[in-house]
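Down below is the structure, laid out as structure tokens.
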Amino acid sequence: MKNFIEKLLKIDRRVIFLALTLLLVFPIVRPLGLPNKNIGNEVKALYEKIEGLPPGSFIMMSLDYDPATRPELHPQAVAVIRHAMRKNLRVMILTLNAGATGLIDEIGERMPKDIAPGKVYGTDYVILPYQPNPVAVMTQIGMDMYKIYDKDRDGALLKDMPVMKGIRNVKDMQLGMCITGTAMLDYWVAYTADKFKFPFAGGTTAVSQMGYAPYLQTGQLKGLMGGMKGAADYETLIGVKEKGTSGIDALSLAHMMVLILIVAANIMMLWLKYL
Amino acid sequence: MTLIKKHIPLAICFIVGLLTLSTYYIPTKASENYIEVMNKWENIMAGFAFLLGLFSLFFSHYNKMKRKVDGWGYSLFVFVGFFAMVIPSVLSHGRQMVGPDLTGLGWGYRFLFNALSGTMFSVLAFYIVSTAYRAFRIKSAQAGVLFVAALIVIVGKVPLGQMIWETVLGWTHVGVTDIVQWLMDVPVVAGKRGILMGLAIGGIVTALKIVFGIERQYMGKD
Amino acid sequence: MSETMMIFGGWVAAGLTIFLFSFLYKDNPFFKIAEHLYLGAGMGWVFQTMLFQTWIPKVWEPLRAGDYYVLIPSLLGLTLVTQFFPKISWVSRYGFTFIMGYGSGLVIPLTISTDLMKQIGGTISPFMVSEITRGNATSLLNAAIVAIGFICVLFYFFFSVEHKGVIKKASNVGIYFLMLYFGAAFGNTVMGRFSLLYGRFDDLYKYSGERFHYATFVILGAMVLYFIVDHFRTRKPAVEEEAA
């Protein structure tokens with residue numbers, strides 16, 4: 001028995017890799033349809049914040065993620081933009097991460113197709129080009145954003161667009177949001193939200209979600225989505241199930257696998273030690 | 001020469017640092033104008049800072065190829081990948097879409113960069129499972145606390161875990177999601193806030209040392 | 001973009017994904033090729049973004065319009081590149097001093113406000129009379145736990161005094177709060193990593209369909225075949241790594 005347990009503890013890691021692969025692929029081929037019932041309070045807070053904004057309100061969305069964190073963050077961005085468009089809010093999308101421009105173009109492509117059919121580019125939403133040096137942009141956007149962003153992504157004059165009517169800096173906007181897998185959200189909170197008293201919310205990877213708990217408690221963040229679960233929660237709230245929700249089955253199975261492995265390994269260790 | 005090489009740069013850092021710092025506490029029209037100019041300059045300068053990374057990568061792989069070190073042939077693919085993005089971009093003037101059609105750049109992003117970047121980071125999932133099995137040992141009370149917190153979050157975040165909790169511990173009338181929420185609202189706030197404050201003090205001290213020229217590592221060797 | 005290019009794209013994406021995953025079995029040339037392609041493609045992407053979204057609109061176009069002021073930050077930015085030439089590397093200091101001075105000047109007051117004052121305020125505010133009368137016993141208890149935990153964690157990080165007596169006890173309590181944070185963060189990290197992996201598998205599943213001529217299966221089969229042939233070709237017993 002002891003030998004067997006020792007062998008089990010030293011099992012080839014590739015066996016574990018294979019088991020994980022099978023476990024994640026299974027629900028993709030045969031979805032289990034597990035219900036996502038419990039919605040996080042901080043996701044609800046974000047939803048309610050957007051839900052409470054009057055039509056025509058202006059939301060700035062800084063989408064600062066690249067393909068490395070796409071499965072977690074892209075569904076979050078799509079869900080929030082869909083909600084904002086449905087509520088007839090104005091949305092300005094920008095990025096301070098060069099890797100994000102391709103993903104934002106994908107959103108731009110999907111807008112008239114399925115995210116917000118009927119909404120007009122330049123009137124209801126606008127996409128700005130990538131800008132280097134995040135802190136310079138964050139500081140300037142609190143003063144006179146046109147000094148940095150004079151043109152939109154396609155080179156059209158930004159100030160002349162109907163969507164920008166009455167907007168000069170963040171004081172004219174009703175909500176700011178940053179979706180990122182980096183420390184960009186921390187910067188937004190410090191350099192713009194706190195400094196210019198700008199209501200701000202975030203979307204982060206699950207890895208960094210817990211780190212924003214202090215900002216939520218102080219109200220520096222009005223809401224937060226964490227990882228694919230955060231996206232799934234938001235999709236549930238707006239009643240449109242997409243990539244966030246579809247991943248929940250796979251996450252469920254993989255979580256249980258990790259749990260079983262940790263518990264089993266510790267029981268085996270105790271067995272070897274005391275029995 | 002020391003004046004040009006050392007003292008003037010240090011003086012610039014001191015003056016720029018002090019002026020920038022003062023704009024926060026003395027919000028006048030002049031300070032606003034100053035910070036607006038600086039924001040614009042820094043925005044452009046940072047665009048060129050990227051060249052540091054680019055040249056560093058190119059020099060390193062060019063040297064590997066030149067010296068024909070082991071596996072030098074792979075370095076060629078660094079340049080292949082680079083031009084696979086840049087050439088289509090130049091042809092399409094940086095546009096991913098022309099009307100409803102994907103350009104060569106858009107194709108490269110979706111099928112090349114997206115796949116490579118996404119997979120590179122997803123591989124970590126395999127190692128986190130393997131490490132959890134091989135190295136996550138509860139050998140002390142502190143490790144036990146860490147394990148309990150991790151266990152609750154792992155169970156409480158997904159529907160299957162919530163179902164199992166309700167079946168096994170439903171009689172307690174304490175929902176696992178409530179515990180996860182409490183963890184995030186209370187002990188996590190305390191723990192992270194302590195770290196945040198430590199980092200903040202460290203950051204402020206380092207920034208002051210840079211402004212006053214005590215910290216000069218960024219200037220390189222004399 | 002034609003259907004043929006989309007199908008070809010599916011094959012490329014599936015192939016590169018499987019090449020990178022193949023490292024999990026064993027290091028191999030296909031992984032190395034994909035890894036180097038990633039480095040180059042990543043740089044290439046950022047380069048073209050800089051070119052078309054920064055250098056052309058922010059430097060080239062203003063210069064053509066006669067705005068020569070942009071030359072100052074551009075030249076300062078270009079000085080950074082002298083880092084690679086030892087004889088004139090000191091010139092890069094001029095660029096760096098502007099970046100460092102500006103960054104430091106900005107960060108000091110904002111960090112004081114965001115991560116010091118606001119956090120201290122957030123810890124104290126639940127104990128204000130107005131909050132106490134509004135809140136309930138549970139929220140007050142939670143606020144007390146946050147306050148005690150926060151102070152204890154600070155004691156743990158406070159190295160100017162020797163950790164003994166009450167300070168040691170407080171710092172020990174601080175460790176438990178840190179463990180709760182790290183544990184919760186680990187739980188979430190697990191979720192994050194699986195989400196990314198799920199994303200790749202989801203794509204591979206898409207490329208395994210009829211539309212893409214079963215790209216995933218064909219490439220996967222070819223990789224398995226490669227490893228079998230490689231195994232018999234090398235015939236050398238591989239030294240098994242005992243890494244996690």
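Residues in the structure tokens are named by chain (A, B, ... in the order shown) and by number from 1 within that chain; ligands are numbered from 1 in the order shown.
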
Can I get the residues of chain C within 8 Å of chain A, each with the closest pair of atoms and their distance in Å to one decimal, using only C-alpha atoms, sorted chain first then ascending number, as CSV?
residue,atom,partner,partner_atom,distance
C:Leu24,CA,A:Arg14,CA,7.1
C:Tyr25,CA,A:Arg14,CA,6.6
C:Gly42,CA,A:Gly99,CA,7.9
C:Trp45,CA,A:Gly99,CA,7.1
C:Val46,CA,A:Ala98,CA,5.6
C:Thr49,CA,A:Ala98,CA,6.3
C:Met50,CA,A:Ala98,CA,7.7
C:Gln53,CA,A:Pro129,CA,6.0
C:Thr54,CA,A:Gln131,CA,6.8
C:Gly103,CA,A:Val135,CA,8.0
C:Leu110,CA,A:Ala190,CA,5.7
C:Thr111,CA,A:Ala190,CA,6.9
C:Ser113,CA,A:Ala190,CA,7.9
C:Thr114,CA,A:Ala190,CA,5.6
C:Lys118,CA,A:Thr218,CA,7.1
C:Gln119,CA,A:Thr218,CA,7.1
C:Gly121,CA,A:Thr218,CA,7.9
C:Gly122,CA,A:Thr218,CA,5.0
C:Tyr181,CA,A:Met210,CA,7.6
C:Ala184,CA,A:Met210,CA,7.2
C:Ala185,CA,A:Met210,CA,5.8
C:Phe186,CA,A:Val207,CA,7.5
C:Asn188,CA,A:Ala206,CA,5.2
C:Thr189,CA,A:Val207,CA,4.2
C:Val190,CA,A:His255,CA,7.5
C:Met191,CA,A:Ala206,CA,6.5
C:Gly192,CA,A:Ala206,CA,4.8
C:Phe194,CA,A:Leu251,CA,6.4
C:Ser195,CA,A:Pro71,CA,6.2
C:Leu196,CA,A:Pro71,CA,5.6
C:Tyr198,CA,A:Leu24,CA,6.4
C:Gly199,CA,A:Pro71,CA,5.2
C:Phe201,CA,A:Val25,CA,6.6
C:Asp202,CA,A:Ile28,CA,6.7
C:Tyr205,CA,A:Ile28,CA,7.7
C:Ala244,CA,A:Arg13,CA,7.5

Selection export as an mmCIF file, in the first residue's frame, atoms kept: N, CA and C atoms:
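The result, stored in result.cif:
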data_model
loop_
_atom_site.group_PDB
_atom_site.id
_atom_site.type_symbol
_atom_site.label_atom_id
_atom_site.label_comp_id
_atom_site.auth_asym_id
_atom_site.auth_seq_id
_atom_site.Cartn_x
_atom_site.Cartn_y
_atom_site.Cartn_z
ATOM 1 N N LEU C 24 4.226 20.438 -23.364
ATOM 2 C CA LEU C 24 3.772 19.750 -22.158
ATOM 3 C C LEU C 24 4.200 18.278 -22.176
ATOM 4 N N TYR C 25 4.331 17.740 -23.387
ATOM 5 C CA TYR C 25 4.800 16.354 -23.478
ATOM 6 C C TYR C 25 6.321 16.323 -23.452
ATOM 7 N N GLY C 42 4.597 39.368 -31.632
ATOM 8 C CA GLY C 42 4.206 40.305 -30.572
ATOM 9 C C GLY C 42 4.868 41.658 -30.795
ATOM 10 N N TRP C 45 3.457 43.339 -33.892
ATOM 11 C CA TRP C 45 2.139 43.938 -33.663
ATOM 12 C C TRP C 45 2.271 45.301 -32.980
ATOM 13 N N VAL C 46 3.092 45.335 -31.929
ATOM 14 C CA VAL C 46 3.256 46.599 -31.201
ATOM 15 C C VAL C 46 3.912 47.641 -32.117
ATOM 16 N N THR C 49 1.424 49.060 -34.504
ATOM 17 C CA THR C 49 0.471 49.907 -33.768
ATOM 18 C C THR C 49 1.109 51.266 -33.493
ATOM 19 N N MET C 50 2.379 51.231 -33.048
ATOM 20 C CA MET C 50 3.100 52.483 -32.789
ATOM 21 C C MET C 50 3.215 53.302 -34.076
ATOM 22 N N GLN C 53 -0.476 54.433 -35.184
ATOM 23 C CA GLN C 53 -1.334 55.130 -34.231
ATOM 24 C C GLN C 53 -0.577 56.145 -33.379
ATOM 25 N N THR C 54 0.759 56.142 -33.493
ATOM 26 C CA THR C 54 1.514 57.142 -32.724
ATOM 27 C C THR C 54 2.477 57.935 -33.611
ATOM 28 N N GLY C 103 7.397 61.025 -14.073
ATOM 29 C CA GLY C 103 6.709 59.889 -13.438
ATOM 30 C C GLY C 103 6.744 60.002 -11.926
ATOM 31 N N LEU C 110 -0.322 61.289 -5.778
ATOM 32 C CA LEU C 110 -1.435 60.385 -6.061
ATOM 33 C C LEU C 110 -1.379 59.135 -5.189
ATOM 34 N N THR C 111 -0.174 58.646 -4.938
ATOM 35 C CA THR C 111 -0.054 57.477 -4.069
ATOM 36 C C THR C 111 -0.439 57.852 -2.643
ATOM 37 N N SER C 113 -2.558 60.032 -1.788
ATOM 38 C CA SER C 113 -4.013 60.152 -1.731
ATOM 39 C C SER C 113 -4.722 58.798 -1.854
ATOM 40 N N THR C 114 -4.354 58.020 -2.889
ATOM 41 C CA THR C 114 -5.098 56.792 -3.204
ATOM 42 C C THR C 114 -4.776 55.633 -2.271
ATOM 43 N N LYS C 118 -6.726 57.421 1.527
ATOM 44 C CA LYS C 118 -8.033 56.799 1.278
ATOM 45 C C LYS C 118 -8.147 55.451 2.007
ATOM 46 N N GLN C 119 -7.034 54.734 2.093
ATOM 47 C CA GLN C 119 -7.087 53.421 2.752
ATOM 48 C C GLN C 119 -7.217 53.573 4.266
ATOM 49 N N GLY C 121 -8.580 56.161 5.636
ATOM 50 C CA GLY C 121 -9.962 56.650 5.764
ATOM 51 C C GLY C 121 -10.970 55.511 5.701
ATOM 52 N N GLY C 122 -10.747 54.582 4.770
ATOM 53 C CA GLY C 122 -11.649 53.443 4.608
ATOM 54 C C GLY C 122 -11.662 52.547 5.835
ATOM 55 N N TYR C 181 -5.738 36.141 2.530
ATOM 56 C CA TYR C 181 -5.713 36.865 1.247
ATOM 57 C C TYR C 181 -5.053 36.016 0.164
ATOM 58 N N ALA C 184 -7.327 33.053 -0.830
ATOM 59 C CA ALA C 184 -8.439 33.487 -1.685
ATOM 60 C C ALA C 184 -7.913 33.844 -3.068
ATOM 61 N N ALA C 185 -6.762 34.498 -3.116
ATOM 62 C CA ALA C 185 -6.182 34.873 -4.413
ATOM 63 C C ALA C 185 -5.777 33.621 -5.191
ATOM 64 N N PHE C 186 -5.262 32.607 -4.474
ATOM 65 C CA PHE C 186 -4.894 31.360 -5.159
ATOM 66 C C PHE C 186 -6.130 30.701 -5.765
ATOM 67 N N ASN C 188 -8.802 32.052 -6.777
ATOM 68 C CA ASN C 188 -9.190 32.814 -7.968
ATOM 69 C C ASN C 188 -8.207 32.608 -9.123
ATOM 70 N N THR C 189 -6.919 32.455 -8.776
ATOM 71 C CA THR C 189 -5.908 32.239 -9.812
ATOM 72 C C THR C 189 -6.192 30.954 -10.579
ATOM 73 N N VAL C 190 -6.580 29.921 -9.823
ATOM 74 C CA VAL C 190 -6.941 28.643 -10.440
ATOM 75 C C VAL C 190 -8.020 28.882 -11.491
ATOM 76 N N MET C 191 -9.037 29.650 -11.082
ATOM 77 C CA MET C 191 -10.141 29.929 -12.000
ATOM 78 C C MET C 191 -9.646 30.682 -13.242
ATOM 79 N N GLY C 192 -8.790 31.668 -13.021
ATOM 80 C CA GLY C 192 -8.283 32.477 -14.129
ATOM 81 C C GLY C 192 -7.526 31.650 -15.147
ATOM 82 N N PHE C 194 -7.689 28.439 -15.721
ATOM 83 C CA PHE C 194 -8.565 27.510 -16.448
ATOM 84 C C PHE C 194 -9.366 28.239 -17.523
ATOM 85 N N SER C 195 -9.742 29.474 -17.236
ATOM 86 C CA SER C 195 -10.517 30.240 -18.212
ATOM 87 C C SER C 195 -9.708 30.425 -19.491
ATOM 88 N N LEU C 196 -8.407 30.726 -19.311
ATOM 89 C CA LEU C 196 -7.557 30.943 -20.486
ATOM 90 C C LEU C 196 -7.418 29.651 -21.287
ATOM 91 N N TYR C 198 -9.482 27.131 -21.279
ATOM 92 C CA TYR C 198 -10.782 26.840 -21.883
ATOM 93 C C TYR C 198 -10.926 27.600 -23.213
ATOM 94 N N GLY C 199 -10.467 28.841 -23.209
ATOM 95 C CA GLY C 199 -10.533 29.669 -24.417
ATOM 96 C C GLY C 199 -9.793 29.024 -25.583
ATOM 97 N N PHE C 201 -9.002 25.772 -25.890
ATOM 98 C CA PHE C 201 -9.669 24.514 -26.270
ATOM 99 C C PHE C 201 -10.928 24.795 -27.089
ATOM 100 N N ASP C 202 -11.596 25.865 -26.717
ATOM 101 C CA ASP C 202 -12.802 26.253 -27.442
ATOM 102 C C ASP C 202 -12.448 26.546 -28.907
ATOM 103 N N TYR C 205 -11.573 23.339 -30.722
ATOM 104 C CA TYR C 205 -12.805 22.598 -31.044
ATOM 105 C C TYR C 205 -13.434 23.172 -32.317
ATOM 106 N N ALA C 244 7.547 20.495 -11.115
ATOM 107 C CA ALA C 244 6.130 20.476 -10.782
ATOM 108 C C ALA C 244 5.343 20.514 -12.072
#

Find the residues of stretch 172-203 of chain A that sit at most 10 Å from stretch 74-80 of chain A; for each, write down the nearest two atoms and how far apart they are in Å, to one decimal. Count only C-alpha atoms. Sort by chain, then by number going up, and give it as a Markdown table.
| residue | atom | partner | partner_atom | distance |
| --- | --- | --- | --- | --- |
| A:Met177 | CA | A:Ala77 | CA | 9.7 |
| A:Cys178 | CA | A:Ala77 | CA | 9.2 |
| A:Ile179 | CA | A:Ala77 | CA | 7.0 |
| A:Thr180 | CA | A:His74 | CA | 9.6 |
| A:Gly202 | CA | A:Gln76 | CA | 9.9 |
| A:Gly203 | CA | A:Gln76 | CA | 7.0 |

Let me see the file: selected residues, C-alpha atoms, as an mmCIF file, in the first residue's frame.
data_model
loop_
_atom_site.group_PDB
_atom_site.id
_atom_site.type_symbol
_atom_site.label_atom_id
_atom_site.label_comp_id
_atom_site.auth_asym_id
_atom_site.auth_seq_id
_atom_site.Cartn_x
_atom_site.Cartn_y
_atom_site.Cartn_z
ATOM 1 C CA MET A 177 -14.296 51.731 -16.713
ATOM 2 C CA CYS A 178 -11.080 49.851 -17.256
ATOM 3 C CA ILE A 179 -10.978 46.183 -18.227
ATOM 4 C CA THR A 180 -7.485 44.820 -17.853
ATOM 5 C CA GLY A 202 -13.300 47.788 -13.300
ATOM 6 C CA GLY A 203 -13.060 44.442 -14.963
#

Practice prompt. Name the residues in contact with stretch 68-81 of chain C at a cut-off of 10 Å, using only C-alpha atoms, excluding same-chain residues fewer than 2 positions from it; report them as a PyMOL selection string.
Written response: (chain B and resi 38+40-53+55-56) or (chain C and resi 55+58-60+62-66+83-85+88-99)

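Within 10 Å of B:Tyr24, once only C-alpha atoms are used and residues closer than 6 positions along the same chain are dropped, the contacting residues are Lys195 of chain A; Ser31, Glu32 and Ile35 of chain B; Gly105, Leu106, Ile108, Pro109 and Leu110 of chain C.
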
Generate the output file for the selected residues, N, CA and C atoms, as a CSV table (one decimal), in the first residue's frame.
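File result20.csv, as written:
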chain,number,residue,atom,x,y,z
A,195,LYS,N,-8.3,61.5,-8.5
A,195,LYS,CA,-7.8,62.9,-8.6
A,195,LYS,C,-9.0,63.8,-9.1
B,31,SER,N,0.5,76.1,-14.0
B,31,SER,CA,0.8,74.7,-13.7
B,31,SER,C,0.0,73.8,-14.6
B,32,GLU,N,-1.2,74.2,-14.9
B,32,GLU,CA,-2.0,73.4,-15.9
B,32,GLU,C,-1.4,73.3,-17.2
B,35,ILE,N,1.7,71.1,-17.2
B,35,ILE,CA,1.4,69.6,-17.2
B,35,ILE,C,0.8,69.2,-18.5
C,105,GLY,N,7.3,62.7,-10.1
C,105,GLY,CA,6.5,63.9,-9.6
C,105,GLY,C,5.0,63.6,-9.6
C,106,LEU,N,4.5,62.8,-10.6
C,106,LEU,CA,3.1,62.5,-10.6
C,106,LEU,C,2.7,61.5,-9.5
C,108,ILE,N,3.9,60.7,-6.6
C,108,ILE,CA,4.0,60.9,-5.1
C,108,ILE,C,2.7,61.4,-4.5
C,109,PRO,N,2.1,62.5,-5.0
C,109,PRO,CA,0.8,62.9,-4.4
C,109,PRO,C,-0.3,62.0,-4.6
C,110,LEU,N,-0.3,61.3,-5.8
C,110,LEU,CA,-1.4,60.4,-6.1
C,110,LEU,C,-1.4,59.1,-5.2

Discussion item. Using DSSP secondary structure from the backbone, list all strand (DSSP E) positions within stretch 27-266 of chain A, as a ChimeraX atom specification.
Written reply: /A:58-64,90-94,125-127,175-180,200-204,224-226

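You can rank B:Val211, B:Ala143, B:Leu3, B:Val176 by their closest distance to B:Pro159 using only C-alpha atoms, and at the top of that list sits B:Val176.
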
Worksheet item: Which residues come within 8 Å of B:Trp165, counting only C-alpha atoms, excluding same-chain residues fewer than 4 positions away, as a PyMOL selection string?
Response: chain B and resi 155+161+169-170+175-176

Worksheet item: Per DSSP on the backbone, what are the alpha helix (DSSP H) residues of stretch 9-211 of chain C, as JSON, numbers by chain?
Response: {"C": [9, 10, 11, 12, 13, 14, 15, 16, 17, 18, 19, 20, 21, 29, 30, 31, 32, 33, 34, 35, 36, 37, 38, 39, 40, 41, 42, 43, 44, 45, 46, 47, 48, 49, 50, 61, 62, 63, 64, 71, 72, 73, 74, 75, 76, 77, 78, 79, 92, 93, 94, 95, 96, 97, 98, 99, 100, 101, 102, 103, 104, 105, 106, 107, 108, 109, 110, 111, 118, 119, 120, 121, 122, 123, 124, 129, 130, 131, 132, 133, 134, 137, 138, 139, 140, 141, 142, 143, 144, 145, 146, 147, 148, 149, 150, 151, 152, 153, 154, 155, 156, 157, 166, 167, 168, 169, 170, 171, 172, 173, 174, 175, 176, 177, 178, 179, 180, 181, 182, 183, 184, 185, 186, 187, 188, 189, 190, 191, 192, 193, 194, 195, 196, 197, 198, 199, 200, 201, 202, 203, 204, 205, 206, 207]}

Worksheet item: Near B:Arg216, counting only C-alpha atoms, which residues have an atom at most 12 Å away, once you skip same-chain residues fewer than 5 positions from it, shown as a VMD selection string?
Response: (chain B and resid 6 to 7 9 to 10 13 to 14 206 to 211 221 to 222) or (chain C and resid 93 96 to 97 100 to 101)

Using the selection just defined, write its residues with C-alpha atoms as a PDB file, in the first residue's frame.
ATOM      1  CA  LYS B   6      25.782  63.835 -15.168  1.00  0.00           C
ATOM      2  CA  HIS B   7      24.870  67.111 -13.528  1.00  0.00           C
ATOM      3  CA  PRO B   9      20.514  65.300 -16.477  1.00  0.00           C
ATOM      4  CA  LEU B  10      20.189  65.146 -12.686  1.00  0.00           C
ATOM      5  CA  CYS B  13      15.121  65.253 -13.328  1.00  0.00           C
ATOM      6  CA  PHE B  14      14.982  67.394 -10.180  1.00  0.00           C
ATOM      7  CA  THR B 206      11.793  55.639  -4.301  1.00  0.00           C
ATOM      8  CA  ALA B 207      10.141  58.476  -6.256  1.00  0.00           C
ATOM      9  CA  LEU B 208      11.567  61.059  -3.839  1.00  0.00           C
ATOM     10  CA  LYS B 209      15.010  59.479  -4.145  1.00  0.00           C
ATOM     11  CA  ILE B 210      14.773  59.742  -7.940  1.00  0.00           C
ATOM     12  CA  VAL B 211      13.707  63.396  -7.838  1.00  0.00           C
ATOM     13  CA  LYS B 221      27.192  53.426 -15.400  1.00  0.00           C
ATOM     14  CA  ASP B 222      29.372  56.515 -15.648  1.00  0.00           C
TER      15      ASP B 222
ATOM     16  CA  ARG C  93      20.070  60.031 -19.783  1.00  0.00           C
ATOM     17  CA  PHE C  96      15.301  59.040 -19.109  1.00  0.00           C
ATOM     18  CA  THR C  97      15.504  62.054 -16.785  1.00  0.00           C
ATOM     19  CA  MET C 100      11.699  59.548 -14.465  1.00  0.00           C
ATOM     20  CA  GLY C 101      11.229  63.095 -13.176  1.00  0.00           C
TER      21      GLY C 101
END

Worksheet item: Nearest to chain B among C:Phe52, C:Phe8, C:Phe30, C:Tyr226, with distances taken over only C-alpha atoms: which residue is it?
Response: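 Distance minimum relative to chain B lands on C:Phe52.
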
Worksheet item: In Å, how far is it from atom CA of B:Val86 to atom CA of C:Gly44?
Response: 5.6 Å

Worksheet item: Quick one: residues within 6 Å of C:Val153, only C-alpha atoms counted, chain neighbours fewer than 2 positions away excluded, as a ChimeraX atom specification?
Response: /B:194 /C:150-151,155-156,174

Discussion item. Just the number, please: distance in Å from atom CA of A:Asp172 to atom CA of A:Met61, one decimal.
Written reply: 14.3 Å

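Put simply, atom CA of B:Asn114 is 9.2 Å away from atom CA of A:Leu103.
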
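Taking only C-alpha atoms into account, C:Leu180 lies nearest to B:Val186 out of the set B:Ala30, B:Val186, B:Val129, B:Leu19.
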
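Closest approach to chain A among B:Phe59, B:Trp72, B:Phe83, B:Tyr25 is made by B:Tyr25 (distances from only C-alpha atoms).
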
Worksheet item: Nearest to C:Ile18: which of C:Ile124, C:Leu116, C:Met223, C:Ile228 is it, counting only C-alpha atoms?
Response: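 Of all the options, C:Met223 lies closest to C:Ile18.
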
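Residue nearest B:Thr131 within the list A:Ala156, A:Met268, A:Ile262, A:Leu253: A:Ile262 [criterion: smallest interatomic distance, only C-alpha atoms].
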